[in-house]
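J.: File follows, model30.cif with mmCIF, N, CA, C and O atoms:
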data_coords
#
loop_
_atom_site.label_atom_id
_atom_site.label_comp_id
_atom_site.auth_asym_id
_atom_site.auth_seq_id
_atom_site.Cartn_x
_atom_site.Cartn_y
_atom_site.Cartn_z
N MET Y 593 -35.77 -3.20 35.51
CA MET Y 593 -34.42 -2.68 35.59
C MET Y 593 -34.49 -1.16 35.77
O MET Y 593 -35.32 -0.50 35.18
N VAL Y 594 -33.56 -0.63 36.55
CA VAL Y 594 -33.51 0.79 36.80
C VAL Y 594 -32.53 1.43 35.84
O VAL Y 594 -31.40 0.99 35.70
N ASP Y 595 -32.98 2.47 35.15
CA ASP Y 595 -32.10 3.20 34.24
C ASP Y 595 -31.34 4.25 35.04
O ASP Y 595 -31.84 4.79 36.01
N SER Y 596 -30.15 4.55 34.63
CA SER Y 596 -29.39 5.62 35.27
C SER Y 596 -28.80 6.51 34.19
O SER Y 596 -28.34 6.03 33.17
N LYS Y 597 -28.83 7.79 34.44
CA LYS Y 597 -28.36 8.74 33.45
C LYS Y 597 -26.98 9.29 33.78
O LYS Y 597 -26.33 9.86 32.93
N THR Y 598 -26.53 9.12 35.00
CA THR Y 598 -25.23 9.65 35.39
C THR Y 598 -24.41 8.54 36.04
O THR Y 598 -24.95 7.54 36.52
N LEU Y 599 -23.11 8.75 36.08
CA LEU Y 599 -22.23 7.79 36.72
C LEU Y 599 -22.60 7.65 38.20
O LEU Y 599 -22.64 6.54 38.73
N ALA Y 600 -22.88 8.75 38.86
CA ALA Y 600 -23.26 8.69 40.27
C ALA Y 600 -24.51 7.85 40.46
O ALA Y 600 -24.59 7.05 41.39
N GLN Y 601 -25.49 7.99 39.56
CA GLN Y 601 -26.70 7.18 39.65
C GLN Y 601 -26.38 5.71 39.42
O GLN Y 601 -26.91 4.84 40.10
N ARG Y 602 -25.50 5.43 38.43
CA ARG Y 602 -25.14 4.03 38.16
C ARG Y 602 -24.47 3.39 39.36
O ARG Y 602 -24.77 2.27 39.73
N ILE Y 603 -23.56 4.13 39.98
CA ILE Y 603 -22.88 3.61 41.16
C ILE Y 603 -23.89 3.41 42.28
O ILE Y 603 -23.89 2.38 42.96
N GLY Y 604 -24.76 4.37 42.47
CA GLY Y 604 -25.77 4.25 43.52
C GLY Y 604 -26.69 3.07 43.31
O GLY Y 604 -26.97 2.32 44.23
N VAL Y 605 -27.13 2.87 42.08
CA VAL Y 605 -28.00 1.73 41.77
C VAL Y 605 -27.25 0.44 42.03
O VAL Y 605 -27.74 -0.49 42.67
N ASP Y 606 -26.02 0.35 41.56
CA ASP Y 606 -25.24 -0.89 41.71
C ASP Y 606 -24.95 -1.19 43.17
O ASP Y 606 -24.96 -2.35 43.57
N HIS Y 607 -24.69 -0.19 43.98
CA HIS Y 607 -24.37 -0.43 45.38
C HIS Y 607 -25.59 -0.71 46.25
O HIS Y 607 -25.48 -1.37 47.26
N ARG Y 608 -26.75 -0.21 45.86
CA ARG Y 608 -27.96 -0.40 46.67
C ARG Y 608 -28.84 -1.54 46.19
O ARG Y 608 -29.67 -2.03 46.93
N ALA Y 609 -28.68 -1.95 44.96
CA ALA Y 609 -29.58 -2.93 44.36
C ALA Y 609 -29.45 -4.29 45.03
O ALA Y 609 -28.40 -4.66 45.54
N THR Y 610 -30.53 -5.04 44.98
CA THR Y 610 -30.53 -6.39 45.53
C THR Y 610 -30.93 -7.43 44.48
O THR Y 610 -31.13 -8.59 44.81
N GLN Y 611 -31.04 -7.01 43.22
CA GLN Y 611 -31.39 -7.93 42.15
C GLN Y 611 -30.26 -8.00 41.14
O GLN Y 611 -29.59 -7.00 40.86
N LYS Y 612 -30.05 -9.17 40.55
CA LYS Y 612 -28.97 -9.39 39.58
C LYS Y 612 -29.04 -8.41 38.43
O LYS Y 612 -28.01 -7.89 37.99
N THR Y 613 -30.23 -8.12 37.93
CA THR Y 613 -30.35 -7.24 36.77
C THR Y 613 -29.98 -5.80 37.08
O THR Y 613 -29.67 -5.03 36.19
N GLN Y 614 -30.01 -5.42 38.35
CA GLN Y 614 -29.68 -4.05 38.74
C GLN Y 614 -28.25 -3.94 39.27
O GLN Y 614 -27.64 -2.90 39.15
N SER Y 615 -27.76 -4.98 39.87
CA SER Y 615 -26.44 -4.91 40.50
C SER Y 615 -25.48 -5.86 39.81
O SER Y 615 -25.19 -6.94 40.30
N THR Y 616 -24.96 -5.45 38.66
CA THR Y 616 -24.07 -6.33 37.94
C THR Y 616 -22.77 -6.56 38.70
O THR Y 616 -22.25 -7.67 38.71
N LEU Y 617 -22.26 -5.53 39.37
CA LEU Y 617 -21.04 -5.71 40.17
C LEU Y 617 -21.33 -6.62 41.36
O LEU Y 617 -20.55 -7.52 41.65
N GLY Y 618 -22.44 -6.41 42.02
CA GLY Y 618 -22.80 -7.27 43.15
C GLY Y 618 -22.93 -8.72 42.72
O GLY Y 618 -22.42 -9.63 43.38
N TYR Y 619 -23.56 -8.95 41.59
CA TYR Y 619 -23.69 -10.32 41.09
C TYR Y 619 -22.32 -10.91 40.76
O TYR Y 619 -22.03 -12.05 41.10
N LYS Y 620 -21.47 -10.12 40.11
CA LYS Y 620 -20.13 -10.63 39.78
C LYS Y 620 -19.37 -11.03 41.04
O LYS Y 620 -18.68 -12.05 41.06
N LEU Y 621 -19.50 -10.24 42.09
CA LEU Y 621 -18.83 -10.58 43.34
C LEU Y 621 -19.29 -11.94 43.89
O LEU Y 621 -18.50 -12.67 44.49
N THR Y 622 -20.55 -12.28 43.66
CA THR Y 622 -21.05 -13.57 44.17
C THR Y 622 -20.44 -14.75 43.42
O THR Y 622 -20.49 -15.87 43.90
N THR Y 623 -19.86 -14.51 42.27
CA THR Y 623 -19.29 -15.59 41.47
C THR Y 623 -17.78 -15.76 41.68
O THR Y 623 -17.18 -16.64 41.08
N LEU Y 624 -17.18 -14.92 42.53
CA LEU Y 624 -15.72 -14.91 42.67
C LEU Y 624 -15.20 -15.67 43.89
O LEU Y 624 -14.01 -15.57 44.21
N ASN Y 625 -16.04 -16.40 44.57
CA ASN Y 625 -15.63 -17.18 45.76
C ASN Y 625 -14.96 -16.32 46.83
O ASN Y 625 -13.95 -16.71 47.40
N ILE Y 626 -15.52 -15.16 47.08
CA ILE Y 626 -15.03 -14.29 48.15
C ILE Y 626 -15.69 -14.76 49.44
O ILE Y 626 -16.91 -14.93 49.50
N ASN Y 627 -14.89 -14.98 50.45
CA ASN Y 627 -15.40 -15.48 51.73
C ASN Y 627 -16.52 -14.59 52.27
O ASN Y 627 -16.33 -13.39 52.43
N GLY Y 628 -17.67 -15.16 52.51
CA GLY Y 628 -18.80 -14.44 53.07
C GLY Y 628 -19.72 -13.80 52.05
O GLY Y 628 -20.79 -13.32 52.40
N VAL Y 629 -19.33 -13.77 50.79
CA VAL Y 629 -20.17 -13.17 49.74
C VAL Y 629 -20.90 -14.31 49.04
O VAL Y 629 -20.33 -15.02 48.22
N VAL Y 630 -22.17 -14.47 49.40
CA VAL Y 630 -22.95 -15.59 48.88
C VAL Y 630 -24.20 -15.16 48.13
O VAL Y 630 -24.84 -15.99 47.48
N CYS Y 631 -24.55 -13.89 48.23
CA CYS Y 631 -25.74 -13.39 47.54
C CYS Y 631 -25.55 -11.89 47.30
O CYS Y 631 -24.56 -11.30 47.75
N ILE Y 632 -26.48 -11.29 46.60
CA ILE Y 632 -26.38 -9.87 46.28
C ILE Y 632 -26.32 -9.03 47.56
O ILE Y 632 -25.56 -8.06 47.64
N LYS Y 633 -27.08 -9.40 48.57
CA LYS Y 633 -27.08 -8.61 49.81
C LYS Y 633 -25.74 -8.66 50.52
O LYS Y 633 -25.25 -7.65 51.02
N THR Y 634 -25.09 -9.84 50.57
CA THR Y 634 -23.77 -9.90 51.20
C THR Y 634 -22.72 -9.24 50.32
O THR Y 634 -21.75 -8.67 50.82
N ALA Y 635 -22.92 -9.26 49.01
CA ALA Y 635 -22.02 -8.55 48.10
C ALA Y 635 -22.13 -7.05 48.33
O ALA Y 635 -21.13 -6.34 48.34
N ARG Y 636 -23.35 -6.58 48.55
CA ARG Y 636 -23.56 -5.17 48.83
C ARG Y 636 -22.84 -4.76 50.11
O ARG Y 636 -22.15 -3.74 50.16
N ALA Y 637 -22.94 -5.57 51.14
CA ALA Y 637 -22.24 -5.29 52.40
C ALA Y 637 -20.73 -5.29 52.19
O ALA Y 637 -20.01 -4.44 52.72
N TYR Y 638 -20.24 -6.22 51.37
CA TYR Y 638 -18.82 -6.29 51.06
C TYR Y 638 -18.37 -5.01 50.34
O TYR Y 638 -17.32 -4.44 50.67
N MET Y 639 -19.17 -4.54 49.38
CA MET Y 639 -18.82 -3.32 48.65
C MET Y 639 -18.76 -2.12 49.59
O MET Y 639 -17.84 -1.31 49.52
N TYR Y 640 -19.74 -2.00 50.50
CA TYR Y 640 -19.75 -0.87 51.43
C TYR Y 640 -18.52 -0.91 52.33
O TYR Y 640 -17.98 0.12 52.70
N ASP Y 641 -18.08 -2.11 52.68
CA ASP Y 641 -16.94 -2.24 53.59
C ASP Y 641 -15.59 -2.06 52.89
O ASP Y 641 -14.66 -1.50 53.46
N LYS Y 642 -15.47 -2.53 51.65
CA LYS Y 642 -14.17 -2.61 50.99
C LYS Y 642 -13.93 -1.60 49.87
O LYS Y 642 -12.79 -1.35 49.51
N PHE Y 643 -14.97 -1.04 49.28
CA PHE Y 643 -14.82 -0.19 48.11
C PHE Y 643 -15.01 1.28 48.49
O PHE Y 643 -15.71 1.60 49.44
N PHE Y 644 -14.41 2.15 47.71
CA PHE Y 644 -14.68 3.57 47.84
C PHE Y 644 -14.74 4.16 46.44
O PHE Y 644 -14.23 3.60 45.49
N VAL Y 645 -15.38 5.29 46.34
CA VAL Y 645 -15.60 5.93 45.04
C VAL Y 645 -15.12 7.37 45.11
O VAL Y 645 -15.34 8.05 46.11
N ARG Y 646 -14.47 7.79 44.05
CA ARG Y 646 -14.10 9.20 43.90
C ARG Y 646 -14.70 9.70 42.60
O ARG Y 646 -14.64 9.01 41.59
N MET Y 647 -15.24 10.88 42.63
CA MET Y 647 -15.84 11.45 41.44
C MET Y 647 -14.91 12.48 40.82
O MET Y 647 -14.31 13.28 41.52
N LEU Y 648 -14.80 12.43 39.52
CA LEU Y 648 -14.03 13.40 38.75
C LEU Y 648 -14.99 13.99 37.72
O LEU Y 648 -15.40 13.29 36.79
N PRO Y 649 -15.38 15.24 37.89
CA PRO Y 649 -16.36 15.80 36.96
C PRO Y 649 -15.77 16.01 35.57
O PRO Y 649 -14.77 16.70 35.41
N ILE Y 650 -16.39 15.39 34.59
CA ILE Y 650 -16.03 15.58 33.19
C ILE Y 650 -17.34 15.88 32.46
O ILE Y 650 -18.22 15.02 32.37
N GLU Y 651 -17.48 17.10 31.97
CA GLU Y 651 -18.74 17.56 31.40
C GLU Y 651 -19.12 16.86 30.10
O GLU Y 651 -20.27 16.46 29.92
N ASP Y 652 -18.18 16.70 29.19
CA ASP Y 652 -18.48 16.12 27.89
C ASP Y 652 -18.73 14.61 28.04
O ASP Y 652 -17.88 13.87 28.52
N GLU Y 653 -19.92 14.16 27.63
CA GLU Y 653 -20.29 12.76 27.86
C GLU Y 653 -19.42 11.77 27.09
O GLU Y 653 -19.16 10.67 27.58
N TYR Y 654 -18.94 12.14 25.91
CA TYR Y 654 -18.08 11.22 25.15
C TYR Y 654 -16.71 11.08 25.82
O TYR Y 654 -16.19 9.98 25.96
N THR Y 655 -16.16 12.20 26.23
CA THR Y 655 -14.88 12.17 26.95
C THR Y 655 -15.02 11.38 28.24
O THR Y 655 -14.15 10.58 28.60
N ARG Y 656 -16.11 11.59 28.95
CA ARG Y 656 -16.36 10.90 30.21
C ARG Y 656 -16.45 9.39 30.00
O ARG Y 656 -15.89 8.60 30.76
N THR Y 657 -17.13 8.96 28.95
CA THR Y 657 -17.26 7.53 28.66
C THR Y 657 -15.90 6.91 28.33
O THR Y 657 -15.55 5.86 28.87
N ILE Y 658 -15.15 7.59 27.48
CA ILE Y 658 -13.82 7.09 27.12
C ILE Y 658 -12.92 7.04 28.36
O ILE Y 658 -12.18 6.09 28.58
N PHE Y 659 -13.00 8.09 29.19
CA PHE Y 659 -12.18 8.14 30.40
C PHE Y 659 -12.52 7.00 31.35
O PHE Y 659 -11.63 6.40 31.96
N GLU Y 660 -13.79 6.70 31.51
CA GLU Y 660 -14.21 5.62 32.41
C GLU Y 660 -13.58 4.29 31.99
O GLU Y 660 -13.03 3.55 32.81
N VAL Y 661 -13.62 3.99 30.70
CA VAL Y 661 -13.03 2.75 30.20
C VAL Y 661 -11.51 2.80 30.33
O VAL Y 661 -10.88 1.85 30.80
N TYR Y 662 -10.91 3.93 29.96
CA TYR Y 662 -9.45 4.08 30.06
C TYR Y 662 -8.98 3.90 31.51
O TYR Y 662 -8.02 3.16 31.76
N ALA Y 663 -9.65 4.55 32.45
CA ALA Y 663 -9.24 4.45 33.85
C ALA Y 663 -9.35 3.02 34.35
O ALA Y 663 -8.45 2.53 35.06
N ALA Y 664 -10.41 2.32 34.00
CA ALA Y 664 -10.57 0.92 34.42
C ALA Y 664 -9.46 0.06 33.85
O ALA Y 664 -8.92 -0.82 34.53
N MET Y 665 -9.09 0.30 32.59
CA MET Y 665 -8.02 -0.48 31.98
C MET Y 665 -6.66 -0.12 32.57
O MET Y 665 -5.85 -0.99 32.88
N LYS Y 666 -6.40 1.15 32.75
CA LYS Y 666 -5.12 1.62 33.28
C LYS Y 666 -4.91 1.14 34.72
O LYS Y 666 -3.82 0.72 35.10
N LEU Y 667 -5.97 1.21 35.52
CA LEU Y 667 -5.89 0.79 36.92
C LEU Y 667 -6.04 -0.72 37.10
O LEU Y 667 -5.90 -1.23 38.19
N LYS Y 668 -6.36 -1.41 35.99
CA LYS Y 668 -6.56 -2.86 36.01
C LYS Y 668 -7.55 -3.27 37.11
O LYS Y 668 -7.31 -4.17 37.91
N THR Y 669 -8.67 -2.57 37.13
CA THR Y 669 -9.71 -2.86 38.12
C THR Y 669 -10.33 -4.20 37.79
O THR Y 669 -10.98 -4.36 36.77
N LYS Y 670 -10.12 -5.16 38.65
CA LYS Y 670 -10.50 -6.54 38.35
C LYS Y 670 -12.00 -6.78 38.33
O LYS Y 670 -12.45 -7.78 37.81
N TYR Y 671 -12.79 -5.88 38.89
CA TYR Y 671 -14.23 -6.12 38.93
C TYR Y 671 -14.98 -5.44 37.80
O TYR Y 671 -16.17 -5.64 37.64
N ASN Y 672 -14.31 -4.62 37.01
CA ASN Y 672 -14.99 -3.94 35.90
C ASN Y 672 -15.15 -4.87 34.70
O ASN Y 672 -14.26 -5.62 34.36
N SER Y 673 -16.29 -4.79 34.09
CA SER Y 673 -16.54 -5.48 32.84
C SER Y 673 -17.42 -4.57 31.99
O SER Y 673 -18.41 -4.03 32.48
N PHE Y 674 -17.05 -4.40 30.77
CA PHE Y 674 -17.83 -3.55 29.89
C PHE Y 674 -18.61 -4.39 28.89
O PHE Y 674 -19.09 -3.90 27.89
N MET Y 675 -18.74 -5.68 29.18
CA MET Y 675 -19.51 -6.58 28.35
C MET Y 675 -20.99 -6.41 28.67
O MET Y 675 -21.36 -6.17 29.81
N GLU Y 676 -21.81 -6.56 27.66
CA GLU Y 676 -23.27 -6.52 27.89
C GLU Y 676 -23.67 -7.76 28.67
O GLU Y 676 -23.04 -8.80 28.57
N HIS Y 677 -24.74 -7.65 29.43
CA HIS Y 677 -25.20 -8.81 30.22
C HIS Y 677 -26.64 -9.10 29.93
O HIS Y 677 -27.34 -8.41 29.32
#
Kindly return the structure encoded in the file as structure tokens.
T.:
Amino acid sequence: MVDSKTLAQRIGVDHRATQKTQSTLGYKLTTLNINGVVCIKTARAYMYDKFFVRMLPIEDEYTRTIFEVYAAMKLKTKYNSFMEH
């Protein structure tokens, strides 16, 4: 498994990874019956085509962590899960 220390690294790992243990979002997409998404590689292609990322710099790591969870809940992002896997 690849460790990531920053949000940008986590996003990069998740979007480029081809293994379930590295790409939790990619794996989740394979379980949602999305047309054409049948494996991590097709999930990765789907993410590149359909998703976009915006970065908001927050220096304090505790505030940043709380904000990440808050934003996901407020925006009701259906693909986010904060459960351990």
J.: Translate the PyMOL selection byres ((chain Y and resi 635) around 8) into a concrete residue list for this structure, as a VMD selection string.
T.: chain Y and resid 606 to 607 609 617 to 622 628 to 634 636 to 642
J.: Provide the atom C of Y:Ala663 to atom C of Y:Asn627 distance in Å, to one decimal place.
T.: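 Going from atom C of Y:Ala663 over to atom C of Y:Asn627, I get 26.1 Å.
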J.: So how many Å separate atom N of Y:Thr598 and atom O of Y:Lys666, to one decimal?
T.: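 According to the coordinates, atom N of Y:Thr598 and atom O of Y:Lys666 are separated by 24.2 Å.
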J.: How many Å lie between atom C of Y:Phe644 and atom N of Y:Lys670, rounded to one decimal?
T.: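 Separation of atom C of Y:Phe644 and atom N of Y:Lys670: 13.0 Å.
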J.: Just add all heavy atoms to stretch 657-668 of chain Y and send it as a PDB file, in the coordinates of the input.
T.:
ATOM      1  N   THR Y 657     -17.130   8.960  28.950  1.00  0.00           N
ATOM      2  CA  THR Y 657     -17.260   7.530  28.660  1.00  0.00           C
ATOM      3  C   THR Y 657     -15.900   6.910  28.330  1.00  0.00           C
ATOM      4  O   THR Y 657     -15.550   5.860  28.870  1.00  0.00           O
ATOM      5  CB  THR Y 657     -18.234   7.321  27.480  1.00  0.00           C
ATOM      6  OG1 THR Y 657     -19.504   7.855  27.840  1.00  0.00           O
ATOM      7  CG2 THR Y 657     -18.375   5.848  27.147  1.00  0.00           C
ATOM      8  N   ILE Y 658     -15.150   7.590  27.480  1.00  0.00           N
ATOM      9  CA  ILE Y 658     -13.820   7.090  27.120  1.00  0.00           C
ATOM     10  C   ILE Y 658     -12.920   7.040  28.360  1.00  0.00           C
ATOM     11  O   ILE Y 658     -12.180   6.090  28.580  1.00  0.00           O
ATOM     12  CB  ILE Y 658     -13.172   7.998  26.041  1.00  0.00           C
ATOM     13  CG1 ILE Y 658     -14.014   7.999  24.787  1.00  0.00           C
ATOM     14  CG2 ILE Y 658     -11.733   7.586  25.775  1.00  0.00           C
ATOM     15  CD1 ILE Y 658     -13.887   6.816  23.893  1.00  0.00           C
ATOM     16  N   PHE Y 659     -13.000   8.090  29.190  1.00  0.00           N
ATOM     17  CA  PHE Y 659     -12.180   8.140  30.400  1.00  0.00           C
ATOM     18  C   PHE Y 659     -12.520   7.000  31.350  1.00  0.00           C
ATOM     19  O   PHE Y 659     -11.630   6.400  31.960  1.00  0.00           O
ATOM     20  CB  PHE Y 659     -12.314   9.481  31.110  1.00  0.00           C
ATOM     21  CG  PHE Y 659     -11.466   9.559  32.347  1.00  0.00           C
ATOM     22  CD1 PHE Y 659     -10.107   9.798  32.246  1.00  0.00           C
ATOM     23  CD2 PHE Y 659     -12.013   9.342  33.595  1.00  0.00           C
ATOM     24  CE1 PHE Y 659      -9.306   9.839  33.374  1.00  0.00           C
ATOM     25  CE2 PHE Y 659     -11.219   9.372  34.731  1.00  0.00           C
ATOM     26  CZ  PHE Y 659      -9.862   9.624  34.617  1.00  0.00           C
ATOM     27  N   GLU Y 660     -13.790   6.700  31.510  1.00  0.00           N
ATOM     28  CA  GLU Y 660     -14.210   5.620  32.410  1.00  0.00           C
ATOM     29  C   GLU Y 660     -13.580   4.290  31.990  1.00  0.00           C
ATOM     30  O   GLU Y 660     -13.030   3.550  32.810  1.00  0.00           O
ATOM     31  CB  GLU Y 660     -15.734   5.508  32.412  1.00  0.00           C
ATOM     32  CG  GLU Y 660     -16.253   4.474  33.371  1.00  0.00           C
ATOM     33  CD  GLU Y 660     -17.772   4.367  33.347  1.00  0.00           C
ATOM     34  OE1 GLU Y 660     -18.445   5.206  32.723  1.00  0.00           O
ATOM     35  OE2 GLU Y 660     -18.285   3.413  33.964  1.00  0.00           O
ATOM     36  N   VAL Y 661     -13.620   3.990  30.700  1.00  0.00           N
ATOM     37  CA  VAL Y 661     -13.030   2.750  30.200  1.00  0.00           C
ATOM     38  C   VAL Y 661     -11.510   2.800  30.330  1.00  0.00           C
ATOM     39  O   VAL Y 661     -10.880   1.850  30.800  1.00  0.00           O
ATOM     40  CB  VAL Y 661     -13.447   2.485  28.733  1.00  0.00           C
ATOM     41  CG1 VAL Y 661     -12.721   1.277  28.169  1.00  0.00           C
ATOM     42  CG2 VAL Y 661     -14.962   2.303  28.643  1.00  0.00           C
ATOM     43  N   TYR Y 662     -10.910   3.930  29.960  1.00  0.00           N
ATOM     44  CA  TYR Y 662      -9.450   4.080  30.060  1.00  0.00           C
ATOM     45  C   TYR Y 662      -8.980   3.900  31.510  1.00  0.00           C
ATOM     46  O   TYR Y 662      -8.020   3.160  31.760  1.00  0.00           O
ATOM     47  CB  TYR Y 662      -9.027   5.460  29.553  1.00  0.00           C
ATOM     48  CG  TYR Y 662      -7.588   5.780  29.884  1.00  0.00           C
ATOM     49  CD1 TYR Y 662      -6.548   5.226  29.144  1.00  0.00           C
ATOM     50  CD2 TYR Y 662      -7.280   6.610  30.954  1.00  0.00           C
ATOM     51  CE1 TYR Y 662      -5.224   5.499  29.463  1.00  0.00           C
ATOM     52  CE2 TYR Y 662      -5.962   6.886  31.273  1.00  0.00           C
ATOM     53  CZ  TYR Y 662      -4.941   6.326  30.536  1.00  0.00           C
ATOM     54  OH  TYR Y 662      -3.636   6.585  30.860  1.00  0.00           O
ATOM     55  N   ALA Y 663      -9.650   4.550  32.450  1.00  0.00           N
ATOM     56  CA  ALA Y 663      -9.240   4.450  33.850  1.00  0.00           C
ATOM     57  C   ALA Y 663      -9.350   3.020  34.350  1.00  0.00           C
ATOM     58  O   ALA Y 663      -8.450   2.530  35.060  1.00  0.00           O
ATOM     59  CB  ALA Y 663     -10.093   5.383  34.719  1.00  0.00           C
ATOM     60  N   ALA Y 664     -10.410   2.320  34.000  1.00  0.00           N
ATOM     61  CA  ALA Y 664     -10.570   0.920  34.420  1.00  0.00           C
ATOM     62  C   ALA Y 664      -9.460   0.060  33.850  1.00  0.00           C
ATOM     63  O   ALA Y 664      -8.920  -0.820  34.530  1.00  0.00           O
ATOM     64  CB  ALA Y 664     -11.936   0.390  33.995  1.00  0.00           C
ATOM     65  N   MET Y 665      -9.090   0.300  32.590  1.00  0.00           N
ATOM     66  CA  MET Y 665      -8.020  -0.480  31.980  1.00  0.00           C
ATOM     67  C   MET Y 665      -6.660  -0.120  32.570  1.00  0.00           C
ATOM     68  O   MET Y 665      -5.850  -0.990  32.880  1.00  0.00           O
ATOM     69  CB  MET Y 665      -8.028  -0.277  30.468  1.00  0.00           C
ATOM     70  CG  MET Y 665      -9.262  -0.864  29.799  1.00  0.00           C
ATOM     71  SD  MET Y 665      -9.354  -0.481  28.039  1.00  0.00           S
ATOM     72  CE  MET Y 665      -7.952  -1.388  27.428  1.00  0.00           C
ATOM     73  N   LYS Y 666      -6.400   1.150  32.750  1.00  0.00           N
ATOM     74  CA  LYS Y 666      -5.120   1.620  33.280  1.00  0.00           C
ATOM     75  C   LYS Y 666      -4.910   1.140  34.720  1.00  0.00           C
ATOM     76  O   LYS Y 666      -3.820   0.720  35.100  1.00  0.00           O
ATOM     77  CB  LYS Y 666      -5.049   3.145  33.201  1.00  0.00           C
ATOM     78  CG  LYS Y 666      -3.744   3.737  33.611  1.00  0.00           C
ATOM     79  CD  LYS Y 666      -2.669   3.451  32.593  1.00  0.00           C
ATOM     80  CE  LYS Y 666      -1.393   4.200  32.933  1.00  0.00           C
ATOM     81  NZ  LYS Y 666      -0.310   3.863  32.044  1.00  0.00           N
ATOM     82  N   LEU Y 667      -5.970   1.210  35.520  1.00  0.00           N
ATOM     83  CA  LEU Y 667      -5.890   0.790  36.920  1.00  0.00           C
ATOM     84  C   LEU Y 667      -6.040  -0.720  37.100  1.00  0.00           C
ATOM     85  O   LEU Y 667      -5.900  -1.230  38.190  1.00  0.00           O
ATOM     86  CB  LEU Y 667      -6.943   1.523  37.751  1.00  0.00           C
ATOM     87  CG  LEU Y 667      -6.780   3.041  37.814  1.00  0.00           C
ATOM     88  CD1 LEU Y 667      -7.992   3.674  38.477  1.00  0.00           C
ATOM     89  CD2 LEU Y 667      -5.502   3.407  38.546  1.00  0.00           C
ATOM     90  N   LYS Y 668      -6.360  -1.410  35.990  1.00  0.00           N
ATOM     91  CA  LYS Y 668      -6.560  -2.860  36.010  1.00  0.00           C
ATOM     92  C   LYS Y 668      -7.550  -3.270  37.110  1.00  0.00           C
ATOM     93  O   LYS Y 668      -7.310  -4.170  37.910  1.00  0.00           O
ATOM     94  CB  LYS Y 668      -5.230  -3.586  36.174  1.00  0.00           C
ATOM     95  CG  LYS Y 668      -4.305  -3.332  35.004  1.00  0.00           C
ATOM     96  CD  LYS Y 668      -3.005  -4.048  35.138  1.00  0.00           C
ATOM     97  CE  LYS Y 668      -2.232  -3.769  33.871  1.00  0.00           C
ATOM     98  NZ  LYS Y 668      -0.867  -3.730  33.947  1.00  0.00           N
TER      99      LYS Y 668
END
